[in-house]
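Text of structure.csv, listed as CSV, C-alpha atoms:
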chain,number,residue,atom,x,y,z
A,1,MET,CA,13.9,-77.6,35.6
A,2,SER,CA,11.7,-76.8,32.7
A,3,ARG,CA,13.9,-74.5,30.6
A,4,ILE,CA,17.0,-75.9,29.0
A,5,ILE,CA,19.8,-74.0,27.2
A,6,LEU,CA,22.5,-75.4,25.1
A,7,VAL,CA,25.6,-73.2,24.4
A,8,THR,CA,28.5,-74.0,22.1
A,9,ASN,CA,31.9,-72.5,22.8
A,10,PRO,CA,34.5,-73.9,20.4
A,11,ALA,CA,37.3,-71.7,21.8
A,12,ASP,CA,40.7,-72.3,20.2
A,13,ASP,CA,44.0,-70.8,21.4
A,14,ASN,CA,44.7,-69.3,18.0
A,15,ASP,CA,41.3,-67.7,17.4
A,16,ALA,CA,40.9,-64.4,19.1
A,17,ALA,CA,37.3,-63.8,18.1
A,18,ILE,CA,36.1,-67.1,19.5
A,19,ARG,CA,38.2,-66.8,22.7
A,20,TYR,CA,36.4,-63.5,23.3
A,21,LEU,CA,33.0,-65.1,22.7
A,22,ASP,CA,34.0,-67.9,25.1
A,23,ALA,CA,35.0,-65.3,27.8
A,24,TRP,CA,31.8,-63.4,27.4
A,25,SER,CA,29.8,-66.6,27.7
A,26,GLU,CA,30.3,-66.2,31.4
A,27,LEU,CA,27.5,-63.7,31.3
A,28,ILE,CA,25.2,-66.4,29.7
A,29,ILE,CA,26.1,-68.9,32.4
A,30,LYS,CA,25.7,-66.3,35.2
A,31,THR,CA,22.3,-65.2,33.9
A,32,ALA,CA,21.1,-68.8,33.4
A,33,LYS,CA,22.1,-69.6,37.0
A,34,GLU,CA,20.0,-66.7,38.2
A,35,GLN,CA,16.9,-68.3,36.8
A,36,LYS,CA,15.3,-70.8,39.1
A,37,ASP,CA,13.9,-73.0,36.4
A,38,THR,CA,16.8,-73.1,33.9
A,39,LEU,CA,19.4,-75.7,33.2
A,40,ILE,CA,22.4,-75.0,31.0
A,41,PHE,CA,24.5,-77.4,28.9
A,42,GLU,CA,27.8,-76.1,27.5
A,43,LEU,CA,29.8,-77.7,24.7
A,44,LYS,CA,33.3,-76.3,25.2
A,45,ASN,CA,36.4,-76.5,23.0
A,46,GLU,CA,36.6,-80.0,21.3
A,47,GLN,CA,33.2,-81.0,22.8
A,48,ALA,CA,31.7,-78.5,20.3
A,49,ASN,CA,31.4,-81.2,17.6
A,50,LYS,CA,28.5,-82.5,15.6
A,51,GLN,CA,28.2,-85.8,17.5
A,52,GLU,CA,28.0,-84.1,20.9
A,53,LEU,CA,25.6,-81.5,19.7
A,54,THR,CA,23.3,-84.1,18.2
A,55,LYS,CA,23.4,-86.2,21.4
A,56,ILE,CA,22.6,-83.3,23.7
A,57,ILE,CA,19.8,-81.9,21.5
A,58,GLN,CA,18.2,-85.3,21.2
A,59,ARG,CA,18.6,-86.2,24.9
A,60,GLU,CA,18.0,-82.9,26.7
A,61,LYS,CA,15.7,-81.2,24.2
A,62,PRO,CA,16.9,-77.6,24.8
A,63,GLN,CA,14.4,-75.0,23.9
A,64,LEU,CA,17.2,-72.3,23.4
A,65,VAL,CA,20.4,-73.1,21.5
A,66,VAL,CA,23.2,-70.5,21.4
A,67,PHE,CA,26.0,-70.9,18.9
A,68,ASN,CA,29.2,-69.0,19.6
A,69,GLY,CA,31.4,-70.0,16.7
A,70,HIS,CA,32.2,-69.3,13.1
A,71,GLY,CA,30.0,-70.0,10.2
A,72,ASN,CA,28.9,-69.0,6.7
A,73,ASP,CA,25.7,-68.6,4.7
A,74,SER,CA,24.8,-72.2,5.0
A,75,CYS,CA,26.5,-73.6,8.1
A,76,ILE,CA,27.4,-73.1,11.7
A,77,MET,CA,30.8,-74.4,12.9
A,78,GLY,CA,32.3,-75.8,16.0
A,79,PHE,CA,35.8,-76.6,17.2
A,80,LYS,CA,38.5,-76.2,14.6
A,81,GLN,CA,35.8,-75.0,12.2
A,82,LYS,CA,34.2,-78.4,11.9
A,83,ILE,CA,30.6,-78.2,10.8
A,84,LEU,CA,27.9,-78.5,13.5
A,85,ILE,CA,24.8,-77.6,11.5
A,86,ARG,CA,24.6,-77.5,7.7
A,87,CYS,CA,21.7,-76.5,5.4
A,88,ASP,CA,20.0,-79.5,3.8
A,89,ASP,CA,21.8,-81.8,6.2
A,90,ASN,CA,20.9,-81.6,9.8
A,91,GLU,CA,19.1,-78.3,10.3
A,92,HIS,CA,16.1,-80.3,11.5
A,93,LEU,CA,17.9,-80.6,14.9
A,94,LEU,CA,16.9,-76.9,15.4
A,95,LYS,CA,13.2,-77.5,14.8
A,96,GLU,CA,10.8,-76.0,17.4
A,97,LYS,CA,13.7,-74.1,19.1
A,98,ILE,CA,14.8,-70.6,19.6
A,99,ILE,CA,18.3,-70.0,18.1
A,100,HIS,CA,20.9,-67.3,18.7
A,101,SER,CA,23.9,-67.6,16.4
A,102,MET,CA,27.0,-65.4,16.4
A,103,SER,CA,28.2,-67.3,13.3
A,104,CYS,CA,28.9,-64.9,10.4
A,105,ASN,CA,26.4,-64.8,7.6
A,106,SER,CA,24.3,-67.7,8.9
A,107,GLY,CA,21.2,-65.5,9.1
A,108,LYS,CA,21.3,-65.2,5.3
A,109,GLU,CA,20.5,-68.7,4.2
A,110,LEU,CA,20.7,-71.2,7.1
A,111,GLY,CA,18.5,-69.0,9.4
A,112,LYS,CA,15.8,-68.7,6.8
A,113,LYS,CA,15.9,-72.4,6.0
A,114,CYS,CA,15.6,-73.2,9.8
A,115,ILE,CA,12.4,-71.1,10.0
A,116,LYS,CA,11.0,-72.8,7.0
A,117,ILE,CA,11.4,-76.2,8.6
A,118,GLY,CA,10.0,-75.2,12.0
A,119,THR,CA,12.6,-73.4,14.1
A,120,LEU,CA,10.6,-70.9,16.2
A,121,SER,CA,12.9,-67.9,15.8
A,122,TYR,CA,16.5,-67.1,14.8
A,123,ILE,CA,18.6,-64.1,15.9
A,124,GLY,CA,21.9,-63.9,14.0
A,125,TYR,CA,23.8,-62.0,11.4
A,126,SER,CA,23.3,-62.0,7.6
A,127,GLU,CA,26.8,-60.7,7.0
A,128,GLU,CA,30.1,-61.0,8.8
A,129,PHE,CA,30.2,-60.2,12.5
A,130,LYS,CA,32.9,-57.6,13.0
A,131,LEU,CA,34.9,-57.4,16.2
A,132,THR,CA,37.4,-54.7,17.2
A,133,TYR,CA,39.4,-55.4,20.4
A,134,LEU,CA,42.6,-54.8,22.3
A,135,ASN,CA,43.9,-58.3,22.0
A,136,LYS,CA,43.6,-59.1,25.7
A,137,GLN,CA,44.7,-62.5,26.9
A,138,THR,CA,42.9,-63.5,30.1
A,139,LYS,CA,39.1,-64.0,30.3
A,140,GLN,CA,38.7,-61.2,32.8
A,141,GLU,CA,40.7,-58.8,30.6
A,142,MET,CA,38.6,-59.8,27.6
A,143,LEU,CA,35.4,-59.1,29.6
A,144,ASN,CA,36.8,-55.7,30.6
A,145,ASP,CA,38.2,-54.8,27.2
A,146,PRO,CA,36.8,-51.3,26.7
A,147,VAL,CA,36.7,-51.6,22.9
A,148,ALA,CA,35.3,-55.1,22.6
A,149,LYS,CA,32.6,-54.1,25.0
A,150,PHE,CA,31.1,-51.8,22.3
A,151,PHE,CA,30.6,-54.9,20.1
A,152,LEU,CA,29.9,-57.8,22.5
A,153,ARG,CA,27.6,-56.2,25.0
A,154,PRO,CA,24.9,-55.5,22.5
A,155,ALA,CA,25.4,-58.8,20.8
A,156,PHE,CA,25.1,-60.7,24.1
A,157,GLU,CA,22.2,-58.6,25.3
A,158,ALA,CA,19.9,-60.5,22.8
A,159,ILE,CA,20.9,-63.8,24.5
A,160,LEU,CA,20.6,-62.5,28.0
A,161,ALA,CA,17.2,-61.1,27.3
A,162,LEU,CA,16.0,-64.4,25.9
A,163,ILE,CA,17.2,-66.2,29.0
A,164,ARG,CA,15.4,-63.7,31.2
A,165,GLY,CA,12.2,-64.6,29.3
A,166,ASP,CA,11.8,-61.8,26.8
A,167,THR,CA,10.2,-62.6,23.5
A,168,THR,CA,12.6,-63.0,20.6
A,169,GLY,CA,11.3,-59.7,19.1
A,170,LYS,CA,11.9,-57.8,22.4
A,171,ALA,CA,15.4,-59.4,22.8
A,172,TYR,CA,16.3,-58.3,19.3
A,173,LYS,CA,15.0,-54.8,20.0
A,174,LYS,CA,17.0,-54.5,23.2
A,175,SER,CA,20.1,-55.6,21.4
A,176,GLN,CA,19.5,-53.1,18.5
A,177,LYS,CA,18.9,-50.3,21.0
A,178,MET,CA,22.2,-51.1,22.8
A,179,TYR,CA,24.0,-51.2,19.4
A,180,LYS,CA,22.6,-47.8,18.6
A,181,GLU,CA,23.5,-46.3,22.0
A,182,ASN,CA,27.1,-47.6,21.7
A,183,LEU,CA,27.3,-46.2,18.1
A,184,LEU,CA,26.1,-42.8,19.3
A,185,THR,CA,28.7,-42.9,22.1
A,186,LEU,CA,31.5,-43.7,19.7
A,187,ILE,CA,30.4,-41.1,17.1
A,188,ALA,CA,30.2,-38.4,19.8
A,189,SER,CA,33.5,-39.4,21.4
A,190,SER,CA,36.5,-37.1,21.3
A,191,LEU,CA,38.8,-40.0,21.6
A,192,THR,CA,40.2,-40.0,18.1
A,193,GLU,CA,42.2,-43.2,18.6
A,194,TYR,CA,38.9,-45.1,18.7
A,195,ASN,CA,35.7,-43.2,17.7
A,196,THR,CA,34.5,-43.3,14.1
A,197,LYS,CA,37.0,-45.9,13.0
A,198,VAL,CA,35.5,-48.3,15.5
A,199,ALA,CA,32.0,-47.0,14.8
A,200,SER,CA,32.0,-48.1,11.2
A,201,ARG,CA,32.4,-51.7,12.2
A,202,LEU,CA,29.7,-51.5,14.9
A,203,TYR,CA,27.4,-49.9,12.4
A,204,HIS,CA,27.9,-53.0,10.2
A,205,ASN,CA,26.9,-55.4,13.0
A,206,LEU,CA,23.8,-53.2,13.8
A,207,LYS,CA,22.8,-53.2,10.2
A,208,TYR,CA,23.1,-56.9,9.6
A,209,GLN,CA,21.8,-58.3,12.8
A,210,VAL,CA,18.6,-60.2,11.8
A,211,CYS,CA,15.6,-61.6,13.7
A,212,LEU,CA,13.7,-64.3,11.8
A,213,GLY,CA,10.6,-66.2,12.5
A,214,ASP,CA,8.1,-65.7,15.3
A,215,SER,CA,8.9,-62.5,17.2
A,216,GLN,CA,6.6,-63.6,20.0
A,217,ALA,CA,8.4,-66.8,20.7
A,218,ASN,CA,10.0,-66.9,24.1
A,219,PHE,CA,12.2,-69.3,26.0
J,1,MET,CA,26.0,-55.4,1.9
J,2,PRO,CA,29.4,-53.8,1.4
J,3,ASP,CA,30.6,-54.2,-2.1
J,4,THR,CA,33.9,-56.1,-1.6
J,5,LYS,CA,34.1,-57.4,-5.2
J,6,LYS,CA,34.6,-54.0,-6.6
J,7,GLN,CA,38.2,-52.9,-6.5
J,8,PRO,CA,38.5,-49.9,-4.2
J,9,SER,CA,40.1,-46.9,-5.8
J,10,GLN,CA,43.6,-45.8,-4.8
J,11,GLU,CA,41.9,-42.6,-3.3
J,12,GLN,CA,39.5,-44.7,-1.2
J,13,MET,CA,42.4,-46.8,0.1
J,14,ASP,CA,44.5,-43.8,0.9
J,15,ILE,CA,41.6,-42.3,2.8
J,16,ILE,CA,41.1,-45.4,4.9
J,17,ILE,CA,44.8,-45.8,5.6
J,18,LEU,CA,44.9,-42.2,6.8
J,19,ARG,CA,42.0,-42.9,9.0
J,20,LEU,CA,43.6,-46.0,10.4
J,21,GLU,CA,46.9,-44.3,11.0
J,22,VAL,CA,45.4,-42.1,13.7
J,23,VAL,CA,43.8,-44.9,15.7
J,24,SER,CA,45.5,-46.6,18.6
J,25,PRO,CA,48.1,-49.2,17.4
J,26,GLU,CA,46.7,-51.5,20.1
J,27,LEU,CA,43.4,-52.0,18.2
J,28,HIS,CA,42.9,-55.4,16.5
J,29,PHE,CA,40.3,-56.3,13.9
J,30,THR,CA,38.7,-59.6,13.1
J,31,SER,CA,35.8,-60.6,11.0
J,32,GLY,CA,34.3,-63.6,9.3
J,33,SER,CA,35.5,-67.1,9.7
J,34,ARG,CA,39.1,-66.3,10.2
J,35,PHE,CA,41.2,-67.4,13.0
J,36,GLN,CA,43.6,-64.5,12.7
J,37,GLY,CA,43.0,-61.0,14.0
J,38,PHE,CA,44.9,-58.1,12.6
J,39,SER,CA,46.6,-55.2,14.4
J,40,ARG,CA,46.2,-51.7,13.0
J,41,ASP,CA,49.6,-51.9,11.2
J,42,GLU,CA,48.8,-55.4,9.9
J,43,MET,CA,45.5,-54.1,8.5
J,44,ILE,CA,47.2,-51.2,6.8
J,45,LYS,CA,49.5,-53.7,5.1
J,46,GLN,CA,46.5,-55.7,4.0
J,47,ILE,CA,44.9,-52.6,2.5
J,48,LYS,CA,48.2,-51.6,0.8
J,49,ASN,CA,48.6,-55.1,-0.6
J,50,LYS,CA,45.0,-55.1,-1.8
J,51,THR,CA,44.1,-58.4,-0.2
J,52,LYS,CA,40.5,-59.6,0.2
J,53,ILE,CA,40.7,-58.7,3.9
J,54,GLY,CA,42.0,-55.2,3.1
J,55,LYS,CA,39.3,-54.7,0.5
J,56,GLU,CA,36.6,-55.8,2.9
J,57,PHE,CA,37.9,-53.4,5.5
J,58,VAL,CA,37.8,-50.5,3.1
J,59,ALA,CA,34.3,-51.5,1.9
J,60,THR,CA,33.0,-51.6,5.5
J,61,GLU,CA,34.5,-48.1,6.2
J,62,PHE,CA,32.9,-46.7,3.0
J,63,GLU,CA,29.6,-48.2,3.8
J,64,PHE,CA,29.6,-46.3,7.0
J,65,LEU,CA,30.8,-43.0,5.4
J,66,ARG,CA,28.1,-43.3,2.8
J,67,ALA,CA,25.5,-43.9,5.5
J,68,ILE,CA,26.6,-40.7,7.2
J,69,LYS,CA,26.4,-38.8,3.8
J,70,ASP,CA,23.0,-40.1,2.6
J,71,GLY,CA,21.3,-39.8,6.0
J,72,SER,CA,20.6,-43.5,6.5
J,73,LEU,CA,22.8,-43.6,9.7
J,74,LYS,CA,20.8,-40.7,11.2
J,75,LYS,CA,17.5,-42.3,10.3
J,76,MET,CA,18.6,-45.6,11.8
J,77,LEU,CA,19.7,-43.9,15.1
J,78,ILE,CA,16.5,-41.9,15.3
J,79,ASP,CA,14.5,-45.1,14.9
J,80,THR,CA,16.3,-46.4,18.0
J,81,ASN,CA,14.6,-44.1,20.3
J,82,ASP,CA,11.0,-45.2,19.5
Output the file's structure as structure tokens, nothing else.
Amino acid sequence: MSRIILVTNPADDNDAAIRYLDAWSELIIKTAKEQKDTLIFELKNEQANKQELTKIIQREKPQLVVFNGHGNDSCIMGFKQKILIRCDDNEHLLKEKIIHSMSCNSGKELGKKCIKIGTLSYIGYSEEFKLTYLNKQTKQEMLNDPVAKFFLRPAFEAILALIRGDTTGKAYKKSQKMYKENLLTLIASSLTEYNTKVASRLYHNLKYQVCLGDSQANF
Amino acid sequence: MPDTKKQPSQEQMDIIILRLEVVSPELHFTSGSRFQGFSRDEMIKQIKNKTKIGKEFVATEFEFLRAIKDGSLKKMLIDTND
């Protein structure tokens, strides 16, 4: 195994957004398993803490780290919103790695700081990640949620493309293309109970998704 | 970024509430580092009560409506196909 991925999934029963990300992470695991040379480590629920993250990063040296959790301008959070990575504290853990973070706003300050200290590339969001969904309860229902799909399929496309070996720049472009296709579908839809009211929030994610660092970097 | 600090006008809030009233009541909304998602009716209450969450929702809606009006949405979508 020459390629190693680390994924954080700090799902919490009371947190719908993170439970959806956790359900959708099955796509990451499936895609990683399809690669012959890829090993995946997942920090789930309470395992998604700073100590475990530090241990896995130092021991396994993953080249790609995927954060599925909350965050803000200067940090990425894990289980129960405990901090995993914070600006001017431990961002050095992400040095020489490719990062994908769903954490809201983390592309604004933390992402830029990471690039400054040697992170290869960083795909994330410089504003809040918006999700509109039908409040499904089981993992399978969440994966099939026809509204959440508009938001999560493009977001996860960037991660899946990275795992398949695309450069960061190409992964970002694929994700942006899918966001735009979904936006067009919604705008053109005659389903008044969804269409433009959902489109406005998808437009937000499209607009504030960022790709920082070396666009030629690949996993 | 959407201007969430500026107080939305009553007219702006009324427009967004009218837009929300026609969407499916099954829709839920979440954003940012909040555990809680809001149903359509809960979001309407947030807007009526002028909470931070309600104001953010209105700001996001108006950012989109402005992008339609000023052509930036069209430009962005055209760029997609290159």
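Of the residues listed (J:Lys50, J:Glu61, J:Ile44, J:Gln12), J:Glu61 shows the shortest atom-to-atom separation from chain A; distances use only C-alpha atoms.
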Could you check how far atom CA of Tyr125 of chain A sits from atom CA of Gly111 of chain A, in Å to one decimal?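 Between these atoms lies a distance of 9.0 Å.
Here atom CA of Asn68 of chain A is placed at a distance of 7.4 Å from atom CA of Asp22 of chain A.
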Env of Leu20 of chain J: 12 Å cut, atoms = only C-alpha atoms, seq-sep filter 3 positions within chain, self excluded. Answer as a ChimeraX atom specification. /A:192-198,200 /J:13-17,23-29,39-47,54,57-58,61
Using all atoms listed in the file, pick whichever of J:Ser72, J:Thr60, J:Gln10, J:Asn49 has the shortest atom-to-atom distance to chain A.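 Result for the nearest residue to chain A: J:Thr60.
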Contacts of Ile28 of chain A at 10 Å or less, counting only C-alpha atoms, minus same-chain residues fewer than 4 places along, as a list in words? Ile5, Val7, Trp24, Ala32, Lys33, Glu34, Ile40, Val66, Phe156, Glu157, Ile159, Leu160, Ala161 and Ile163 of chain A
I want to know what sits within 9 Å of segment 171-179 of chain A, based on only C-alpha atoms, with residues of the same chain fewer than 2 positions away left out; could you give that as a JSON list (two decimals) with C-alpha atoms, in the frame of the given file?
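Output contents, as saved in result-v4.json:
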[["chain", "number", "residue", "atom", "x", "y", "z"],
["A", 123, "ILE", "CA", 18.60, -64.10, 15.90],
["A", 150, "PHE", "CA", 31.10, -51.80, 22.30],
["A", 151, "PHE", "CA", 30.60, -54.90, 20.10],
["A", 153, "ARG", "CA", 27.60, -56.20, 25.00],
["A", 154, "PRO", "CA", 24.90, -55.50, 22.50],
["A", 155, "ALA", "CA", 25.40, -58.80, 20.80],
["A", 156, "PHE", "CA", 25.10, -60.70, 24.10],
["A", 157, "GLU", "CA", 22.20, -58.60, 25.30],
["A", 158, "ALA", "CA", 19.90, -60.50, 22.80],
["A", 159, "ILE", "CA", 20.90, -63.80, 24.50],
["A", 160, "LEU", "CA", 20.60, -62.50, 28.00],
["A", 161, "ALA", "CA", 17.20, -61.10, 27.30],
["A", 162, "LEU", "CA", 16.00, -64.40, 25.90],
["A", 165, "GLY", "CA", 12.20, -64.60, 29.30],
["A", 166, "ASP", "CA", 11.80, -61.80, 26.80],
["A", 167, "THR", "CA", 10.20, -62.60, 23.50],
["A", 168, "THR", "CA", 12.60, -63.00, 20.60],
["A", 169, "GLY", "CA", 11.30, -59.70, 19.10],
["A", 181, "GLU", "CA", 23.50, -46.30, 22.00],
["A", 182, "ASN", "CA", 27.10, -47.60, 21.70],
["A", 183, "LEU", "CA", 27.30, -46.20, 18.10],
["A", 184, "LEU", "CA", 26.10, -42.80, 19.30],
["A", 202, "LEU", "CA", 29.70, -51.50, 14.90],
["A", 203, "TYR", "CA", 27.40, -49.90, 12.40],
["A", 205, "ASN", "CA", 26.90, -55.40, 13.00],
["A", 206, "LEU", "CA", 23.80, -53.20, 13.80],
["A", 207, "LYS", "CA", 22.80, -53.20, 10.20],
["A", 209, "GLN", "CA", 21.80, -58.30, 12.80],
["A", 210, "VAL", "CA", 18.60, -60.20, 11.80],
["A", 211, "CYS", "CA", 15.60, -61.60, 13.70],
["A", 215, "SER", "CA", 8.90, -62.50, 17.20],
["J", 77, "LEU", "CA", 19.70, -43.90, 15.10],
["J", 80, "THR", "CA", 16.30, -46.40, 18.00],
["J", 81, "ASN", "CA", 14.60, -44.10, 20.30]]
Pairwise distance for atom CA of Leu6 of chain A and atom CA of Gln51 of chain A, rounded to one decimal in Å: 14.1 Å
Hey, which of A:Gly107, A:Gly124, A:Gly213, A:Gly69 ends up closest to chain J? Count only C-alpha atoms.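 Closest candidate: A:Gly69.
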Nearest to Ala199 of chain A by atom-to-atom distance, counting only C-alpha atoms, from J:Lys69, J:Asp79, J:Val22, J:Phe64: J:Phe64
Using only C-alpha atoms, the best pick from A:Lys50, A:His92, A:Lys97, A:Lys80 as closest to chain J would be A:Lys80
Compute the set of chain A residues within 7 Å of chain J, using all atoms listed in the file, and express it as a list in words.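 So the contacting residues turn out to be Asn14, Asp15, Ala16, Ala17, His70, Gly71, Cys104, Glu128, Phe129, Lys130, Leu131, Thr132, Tyr133, Leu134, Asn135, Lys177, Lys180, Thr192, Glu193, Tyr194, Ser200, Arg201 and Tyr203 of chain A.
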Next, the residues of the selection above should be written as a short mmCIF file (atom, residue, chain, number, x, y, z; two decimals), in the frame of the given file with C-alpha atoms.
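Final file, again-v8.cif:
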data_model
loop_
_atom_site.label_atom_id
_atom_site.label_comp_id
_atom_site.auth_asym_id
_atom_site.auth_seq_id
_atom_site.Cartn_x
_atom_site.Cartn_y
_atom_site.Cartn_z
CA ASN A 14 44.70 -69.30 18.00
CA ASP A 15 41.30 -67.70 17.40
CA ALA A 16 40.90 -64.40 19.10
CA ALA A 17 37.30 -63.80 18.10
CA HIS A 70 32.20 -69.30 13.10
CA GLY A 71 30.00 -70.00 10.20
CA CYS A 104 28.90 -64.90 10.40
CA GLU A 128 30.10 -61.00 8.80
CA PHE A 129 30.20 -60.20 12.50
CA LYS A 130 32.90 -57.60 13.00
CA LEU A 131 34.90 -57.40 16.20
CA THR A 132 37.40 -54.70 17.20
CA TYR A 133 39.40 -55.40 20.40
CA LEU A 134 42.60 -54.80 22.30
CA ASN A 135 43.90 -58.30 22.00
CA LYS A 177 18.90 -50.30 21.00
CA LYS A 180 22.60 -47.80 18.60
CA THR A 192 40.20 -40.00 18.10
CA GLU A 193 42.20 -43.20 18.60
CA TYR A 194 38.90 -45.10 18.70
CA SER A 200 32.00 -48.10 11.20
CA ARG A 201 32.40 -51.70 12.20
CA TYR A 203 27.40 -49.90 12.40
#
Nearby residues (all atoms listed in the file) at most 8 Å from Ile85 of chain A, same-chain spacing under 2 positions excluded, as an MDAnalysis selection string: chainID A and resid 50 75:77 83 87 89:91
Residue with smallest distance to Asn49 of chain A - pool A:Asp73, A:Lys61, A:Phe79, A:Ser106, counting all atoms listed in the file: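 Closest candidate: A:Phe79.
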